[in-house]
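Colleague: Got a structure for you, upload.cif, holding mmCIF, C-alpha atoms, pLDDT in the B column; chains and numbers go by the auth columns.
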data_final
loop_
_atom_site.group_PDB
_atom_site.id
_atom_site.type_symbol
_atom_site.label_atom_id
_atom_site.label_comp_id
_atom_site.label_asym_id
_atom_site.label_seq_id
_atom_site.Cartn_x
_atom_site.Cartn_y
_atom_site.Cartn_z
_atom_site.B_iso_or_equiv
_atom_site.auth_seq_id
_atom_site.auth_asym_id
ATOM 1 C CA MET A 1 -25.287 29.866 -2.196 46.00 1 A
ATOM 2 C CA ALA A 2 -23.114 29.146 -5.226 50.00 2 A
ATOM 3 C CA ALA A 3 -23.612 25.810 -6.926 48.00 3 A
ATOM 4 C CA ARG A 4 -20.642 23.487 -6.877 47.00 4 A
ATOM 5 C CA LYS A 5 -19.198 22.318 -10.163 44.00 5 A
ATOM 6 C CA PRO A 6 -19.625 18.529 -10.440 45.00 6 A
ATOM 7 C CA ASN A 7 -16.448 16.457 -10.549 48.00 7 A
ATOM 8 C CA ARG A 8 -16.602 15.147 -14.115 51.00 8 A
ATOM 9 C CA GLN A 9 -13.272 13.382 -13.823 52.00 9 A
ATOM 10 C CA SER A 10 -13.882 11.189 -10.775 75.00 10 A
ATOM 11 C CA ASP A 11 -13.460 7.884 -12.618 88.00 11 A
ATOM 12 C CA LEU A 12 -13.388 7.567 -16.369 94.00 12 A
ATOM 13 C CA SER A 13 -12.107 3.961 -16.291 94.00 13 A
ATOM 14 C CA GLY A 14 -13.930 1.800 -18.811 95.00 14 A
ATOM 15 C CA SER A 15 -15.414 4.775 -20.660 95.00 15 A
ATOM 16 C CA ARG A 16 -15.441 4.906 -24.447 96.00 16 A
ATOM 17 C CA VAL A 17 -13.468 7.901 -25.684 97.00 17 A
ATOM 18 C CA LEU A 18 -12.612 9.840 -28.827 97.00 18 A
ATOM 19 C CA ILE A 19 -8.969 10.823 -29.233 98.00 19 A
ATOM 20 C CA LEU A 20 -8.650 14.469 -30.276 98.00 20 A
ATOM 21 C CA THR A 21 -4.902 14.994 -30.804 97.00 21 A
ATOM 22 C CA GLY A 22 -1.780 13.278 -32.097 96.00 22 A
ATOM 23 C CA LYS A 23 -1.350 10.492 -34.627 96.00 23 A
ATOM 24 C CA ARG A 24 -4.486 8.730 -33.329 97.00 24 A
ATOM 25 C CA ALA A 25 -6.736 11.813 -33.603 98.00 25 A
ATOM 26 C CA GLY A 26 -10.243 10.828 -34.692 97.00 26 A
ATOM 27 C CA GLN A 27 -9.943 7.259 -33.433 97.00 27 A
ATOM 28 C CA GLU A 28 -11.985 5.746 -30.644 97.00 28 A
ATOM 29 C CA GLY A 29 -10.625 3.892 -27.665 98.00 29 A
ATOM 30 C CA VAL A 30 -11.193 3.030 -24.043 97.00 30 A
ATOM 31 C CA CYS A 31 -9.964 4.680 -20.865 97.00 31 A
ATOM 32 C CA VAL A 32 -8.116 2.154 -18.723 96.00 32 A
ATOM 33 C CA GLY A 33 -7.527 4.428 -15.722 96.00 33 A
ATOM 34 C CA LYS A 34 -5.408 7.249 -14.348 95.00 34 A
ATOM 35 C CA SER A 35 -1.802 7.528 -15.449 89.00 35 A
ATOM 36 C CA ALA A 36 0.922 6.903 -12.878 85.00 36 A
ATOM 37 C CA GLU A 37 1.488 10.642 -12.427 84.00 37 A
ATOM 38 C CA GLY A 38 -2.232 11.170 -11.735 85.00 38 A
ATOM 39 C CA LYS A 39 -2.719 14.159 -14.073 90.00 39 A
ATOM 40 C CA LYS A 40 -3.501 12.320 -17.295 96.00 40 A
ATOM 41 C CA TRP A 41 -5.478 9.236 -18.233 97.00 41 A
ATOM 42 C CA ALA A 42 -4.269 6.000 -19.828 97.00 42 A
ATOM 43 C CA ILE A 43 -6.125 5.505 -23.125 97.00 43 A
ATOM 44 C CA SER A 44 -5.969 2.407 -25.318 98.00 44 A
ATOM 45 C CA PRO A 45 -6.925 3.111 -28.953 98.00 45 A
ATOM 46 C CA ASP A 46 -9.165 0.464 -30.519 98.00 46 A
ATOM 47 C CA GLY A 47 -7.313 -2.253 -32.429 97.00 47 A
ATOM 48 C CA THR A 48 -3.936 -1.549 -30.851 96.00 48 A
ATOM 49 C CA ASP A 49 -1.922 -2.594 -27.825 96.00 49 A
ATOM 50 C CA GLU A 50 -0.786 1.002 -27.250 96.00 50 A
ATOM 51 C CA ILE A 51 -1.414 2.996 -24.101 96.00 51 A
ATOM 52 C CA LEU A 52 -1.489 6.759 -24.583 96.00 52 A
ATOM 53 C CA GLN A 53 -1.199 9.253 -21.725 96.00 53 A
ATOM 54 C CA LEU A 54 -3.776 11.949 -22.526 97.00 54 A
ATOM 55 C CA GLU A 55 -5.405 14.881 -20.750 97.00 55 A
ATOM 56 C CA PHE A 56 -9.193 14.810 -20.459 96.00 56 A
ATOM 57 C CA GLU A 57 -11.053 17.437 -22.490 95.00 57 A
ATOM 58 C CA LYS A 58 -7.869 18.710 -24.193 97.00 58 A
ATOM 59 C CA GLU A 59 -6.553 15.517 -25.816 98.00 59 A
ATOM 60 C CA PHE A 60 -9.567 13.203 -25.562 97.00 60 A
ATOM 61 C CA GLY A 61 -13.288 13.401 -24.866 96.00 61 A
ATOM 62 C CA LEU A 62 -16.009 11.017 -23.810 95.00 62 A
ATOM 63 C CA ARG A 63 -17.924 9.283 -26.588 91.00 63 A
ATOM 64 C CA VAL A 64 -21.701 9.555 -26.225 83.00 64 A
ATOM 65 C CA ASP A 65 -24.118 7.307 -28.123 75.00 65 A
ATOM 66 C CA CYS A 66 -27.189 9.442 -28.809 79.00 66 A
ATOM 67 C CA SER A 67 -29.021 6.589 -30.532 79.00 67 A
ATOM 68 C CA GLY A 68 -29.444 4.608 -27.339 72.00 68 A
ATOM 69 C CA GLU A 69 -31.184 5.029 -24.026 72.00 69 A
ATOM 70 C CA PRO A 70 -29.918 8.292 -22.416 67.00 70 A
ATOM 71 C CA GLY A 71 -29.387 6.686 -19.015 66.00 71 A
ATOM 72 C CA ARG A 72 -26.836 4.295 -20.462 62.00 72 A
ATOM 73 C CA ASN A 73 -24.377 7.028 -21.521 54.00 73 A
#
If you took the structure in this file and wrote it as structure tokens, what would it be?

Modeller:
Amino acid sequence: MAARKPNRQSDLSGSRVLILTGKRAGQEGVCVGKSAEGKKWAISPDGTDEILQLEFEKEFGLRVDCSGEPGRN
């Protein structure tokens, strides 16, 4: 039986992210939920009141803190 690929995108709301593209590339932010269209995610870069519509894994990635307890990531 083939293993199913886990759904990594089920709910990223509240997750810390790293923006990979655009004028905010390299900055961190927080995912505030799915965009209205449902294909992208609404991302708020730290220190701004902007909301960017970005695609997971192409335009932003999850930020992982390797210095802490692994179960908290």

Colleague: Please provide the set of residues having any atom within 10 Å of A:Gly22, restricted to all atoms listed in the file, with same-chain residues fewer than 2 positions apart removed, written as an mmCIF file with C-alpha atoms, keeping the file's coordinate frame.

Modeller:
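And here's part_11.cif as it stands now:
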data_model
loop_
_atom_site.group_PDB
_atom_site.id
_atom_site.type_symbol
_atom_site.label_atom_id
_atom_site.label_comp_id
_atom_site.auth_asym_id
_atom_site.auth_seq_id
_atom_site.Cartn_x
_atom_site.Cartn_y
_atom_site.Cartn_z
ATOM 1 C CA ILE A 19 -8.969 10.823 -29.233
ATOM 2 C CA LEU A 20 -8.650 14.469 -30.276
ATOM 3 C CA ARG A 24 -4.486 8.730 -33.329
ATOM 4 C CA ALA A 25 -6.736 11.813 -33.603
ATOM 5 C CA GLY A 26 -10.243 10.828 -34.692
ATOM 6 C CA LEU A 52 -1.489 6.759 -24.583
ATOM 7 C CA LEU A 54 -3.776 11.949 -22.526
ATOM 8 C CA GLU A 59 -6.553 15.517 -25.816
#

Colleague: Determine, counting only C-alpha atoms, which protein, DNA and RNA residues have an atom within 8 Å of an atom of A:Glu55; residues of the same chain fewer than 4 positions away are not included. Present the result as a ChimeraX atom specification.

Modeller: /A:39-41,59-60

Colleague: Evaluate the PyMOL selection byres ((chain A and resi 13-16) around 12) and record the selected residues as number ranges by chain, following the chain and residue labels used in the document.

Modeller: A: 9-12, 17-19, 27-35, 41-46, 56, 60-65, 72-73
